[in-house]
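Here the structure comes first, spelled out in structure tokens, and everything after it is commentary.
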Amino acid sequence: MSDPITIEFGLDGERRRERIAPNTVLLDLLRDRCGRLGVKASCERGVCGACTTLIDGVPVASCGVFAFSVDGSSVETVEGRGRADDLGPVQRAFAECGGFQCGYCTPGMVMLTTALLREHVEPDDELIRSWISSNICRCTGYQMIIDSVRRAAELVREERG
Amino acid sequence: MSAGHAVVGTGTAQRERHAVVGTGARRSDAAPKVTGGARYTADVRLPGMLHAKVLRSPHAHARVVSVDARRARALDGVHAVLTRDDLGGLSPTYGYFIKDQPVVAIDRVRYVGDVVAAVAAVDERVALRALELIDVVYEPLPAVPDIDAALAADAPELFEDAPPGIVPPYGTGASGRLRPRRNVCYEFRYETGPEDAWAECDHVFEDTFVFSRMNHFHLEPFVTVADVRGEQIEIWTSTQNPFPLRRELARVLQVEENRIRVHVPYVGGGFGAKHNCKTEPIAILLSRLAGRPVRYCLTTEEGFLTLSQHSAVLTVRTGVRADGTFVARDSTVLLEAGAYSDGSPLVAEKAAYRMPGPYRWKRVESSCACVMTTTTPTGPFRGFGATQSTWASESQVDMIARRLGMDPYDLRMKNLKALGEPFVPGESGIDSDLAEGLEVVAGALGYHARPRTPNRGMGLAIGFKDGGGVNKPAQARVKVSTAGDVYVSCGTVEIGQGASTTLCQVAAEVLGVPLRRVVYAPINTDVTPFDQGTNASSGMTVMGQAVLRAAEAVRAQVLEFAAERLGCTAAELTLRDWAVRRGDEVTPLPGLITAVFGGTGFEFSGSGFFKAPNSREAPLDAPCVFWEIGWAGAEVEVDPDTGKVTVLQLVASGDVGKAVNTLVCRGQDEGAAVMGLGQALFEEMRFDDGVLLNGEALDYRVPMAEDLPERFVSITQEQGHGPGPFGAKGAGEGAMVPVAAAIANAVHDATGARISTLPLSPERVFDALQTR
Ligand code: FES
Ligand code: FES
């Protein structure tokens, strides 16, 4: 096995320095080393999107990228979006509209929505549907997730004034 | 694209006002789930924890000649290896009715993916490397790839000796048999009514339908963390039925039940898959061998090799009068059970029993056989046999209508059972107005005024199942602290269905406190009251009644206590916001409590129990708790050049009696309907000669948001006839069950072509269009 390497990256607004094996997958780094258990592991094949995080603002399946590739980048996870007693607007919308059931896809859906709303303040249903189509939810049938995204857009707009 | 949801109330339930019940209150698990704070079994980490991986059979069927794990044991980082040589002192096979599935292969492997050996190592990579060092010699045997092969006269027998099994007690008209013939592990039969009813029929129609097999595709994998210390066995596991699991593990391990403590954190979806032994026995045995905690988590690919839905062949013979009156129905169902029986016998009971559907008959005969093949074992799946039976029954109803020159809607209306009419003799009455529900869906779809446009059509179907489980006891405890903080403790697993919210709503309503004062206690089988399992849409009608009774017991205690202090009778008092009220006089409870029990306080605690009474008259030994009805309507457009079916509208509706939480009910129905949509159009485990072709996330297609129909409407009916708290019924499966038939019926309406095999893939529809 090749020698460990050191990477530096931003994680939910904090600087991190980690020594890792070069073949470490970002998802494992986040869950096992950085304690970000809110980032979910499911298919680990880049298909379901449960592990979605933002790398420099772009939603990425963290199971599909090596950890070294985030050297110098900023990584955002669901755990940086708010706390149970202080939900972020996207989280509030999912809570209010019931855009989750088992909740296993929810961290990924929240991150996907966060990225969408940074790019498009007023996404229409078509756009929402096509964004959400990159992630699997087996429980909800998606409509209540779409409602949640629409509501999140309103809340984000309110927040920005 | 448009979507909508409506709550339609017709019964008395809708008119009664409640403070907490009947709202769209935010779910209690919202904050942990949207922040990533919710902890699932997959997130459990223990100090010194090892990781397990298993070696799986590359053969569909083979004798295991030898298993040599010496090289694997010697590998650095390996702490334990489990093979058939380590099963001494155990009762090493498991299953629901039939104990046929070994913890690891003993004498044979019976499907590609069957578990042969397991390793616990410092990490999964080392465990995987160790698996390559296990030497197994197989002697291949002929495969039994499908139902036809299994039933052939010269088919190899998958189990030469009968595994231990039982037939449960049945009531009037029902019977079961173990191994009635080669490669059939169980057969269930039911009959009622006079045989000569067939003589009254003007027409007898026989049709055969094929039902394809889906994977559950729960996003949280099968996963267990086990920590065995001396005699104490502690597991955290992603399961739907912790108590029956504990019992089965005790039997397999040959230990006392109270040595096994089962914790169930949040479960990331199950849809029926997560019952009884899955990852648990191997995690425990490896932990016992290694003396350290072991985490055994399957990949999605391994999930495909662990359990799936039953594919089925259903032959239905239906006799009718010339005017369309249904008279007699004889159904023969073959379920593909795969390599091990798992829950197949129970699914067989239900598939056969539900074949009459929601209609009136003079004579019913049904049988269902579980046919063993060398493929992934099959077991409980949302709908539990009803999806299969409804696919056949509701497809055939439409076919019969067209043969008789009637509108399928009218034929249904003519034959539906009335509200309160028993399903069969000895059964409970149907607790939904079936006709009213059908009209709600037909109306929302625009069925009656449907335009006659070429290649466009509409179809309806009614999903029908007995709900609430058979012979299911449930216990609950509700306790309240000095300050009025409430705990609900019971064994219903929060698997996404929202039970941890709705059951708390029931307690909150009874105790007159806001929902946020009620906490759902985590499940730990040492302290949580007994429950049979989170299944059969039983959460509200079975456990809900136990919780209701527990909360009522606590309320009664509190009122008695306060009445004694205040020198009045309990009947004069009401309870609201943790104060007792007598006319205008309001007395907060905390002061009353500390006056008696001292400043350290007290807890009021009440228990509740519910079980439907047994009855020998009832075919399944106890009358059904509630009837789970789902109505679906679809409008489709069929492309005649490609066979592609586009669903323009899908209307799905369940009758929940009374919605305890409208948000939760809507979510259950919509999730179920979209699963049905996948089943109808494309979702399928594809096998070639018994070999699974698409057992991974990328190739196996589940519905995505872009698959939603242009118009998707869900309607929560509150007809008000439910047996549960406040008139509630169960939900969660009903809206899946009719969807495939509704879509096939719409395709028939659009094109005149009948597709009787699922899914309605473009190839299949195109072929049907050519031969129509
Ligand atoms: S776990 Fe990363 S995409 Fe499925
Ligand atoms: S809520 Fe269960 S997968 Fe989306």
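If you're wondering about the labels, chains in the structure tokens are A, B, ... by order shown, residues count from 1 in each chain, ligands from 1 in order shown.
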
Within 6 Å of ligand 2, counting only C-alpha atoms and all ligand atoms, residues as a PDB file with C-alpha atoms, in the first residue's frame:
```pdb
ATOM      1  CA  PHE A 100     -39.092  12.258   4.436  1.00  0.00           C
ATOM      2  CA  GLN A 101     -40.138   8.974   5.955  1.00  0.00           C
ATOM      3  CA  CYS A 102     -37.359   6.609   6.965  1.00  0.00           C
ATOM      4  CA  GLY A 103     -35.040   9.561   6.553  1.00  0.00           C
ATOM      5  CA  TYR A 104     -32.186   7.641   5.000  1.00  0.00           C
ATOM      6  CA  CYS A 105     -32.248   9.641   1.774  1.00  0.00           C
ATOM      7  CA  THR A 106     -32.963  12.920   3.559  1.00  0.00           C
ATOM      8  CA  CYS A 137     -36.076   7.873  -2.219  1.00  0.00           C
ATOM      9  CA  ARG A 138     -37.789   4.535  -1.730  1.00  0.00           C
ATOM     10  CA  CYS A 139     -40.322   5.778   0.809  1.00  0.00           C
ATOM     11  CA  THR A 140     -42.080   8.984  -0.139  1.00  0.00           C
TER      12      THR A 140
ATOM     13  CA  LEU B 219     -31.816   2.354   1.456  1.00  0.00           C
ATOM     14  CA  GLY B 268     -33.893   3.094   7.055  1.00  0.00           C
ATOM     15  CA  GLY B 269     -36.738   1.326   5.271  1.00  0.00           C
TER      16      GLY B 269
END
```

- Message: Could you list, as an MDAnalysis selection string, all residues that come within 6 Å of ligand 1? Count only C-alpha atoms and all ligand atoms.
- Response: chainID A and resid 41:51 61:63

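The residue that comes closest to Val60 (chain A), out of A:Val78, A:Ile7, A:Met111, A:Val156 and on the basis of only C-alpha atoms, is A:Met111.
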
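Of the listed residues (A:Leu29, A:Leu112, A:Ile136, A:Leu11), A:Ile136 comes nearest to chain B; the distances count only C-alpha atoms.
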
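Residues within 9 Å of Leu155 (chain A), counting only C-alpha atoms and excluding same-chain residues fewer than 5 positions away, are Pro89, Val90, Arg92, Ala93, Arg150 and Arg160 of chain A.
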
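With only C-alpha atoms as the atoms that count, the residue of B:Met214, B:Val647, B:Cys368, B:Leu298 with the shortest distance to chain A is B:Leu298.
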
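One finds CA of His263 (chain B) at 13.6 Å from CA of Ile284 (chain B).
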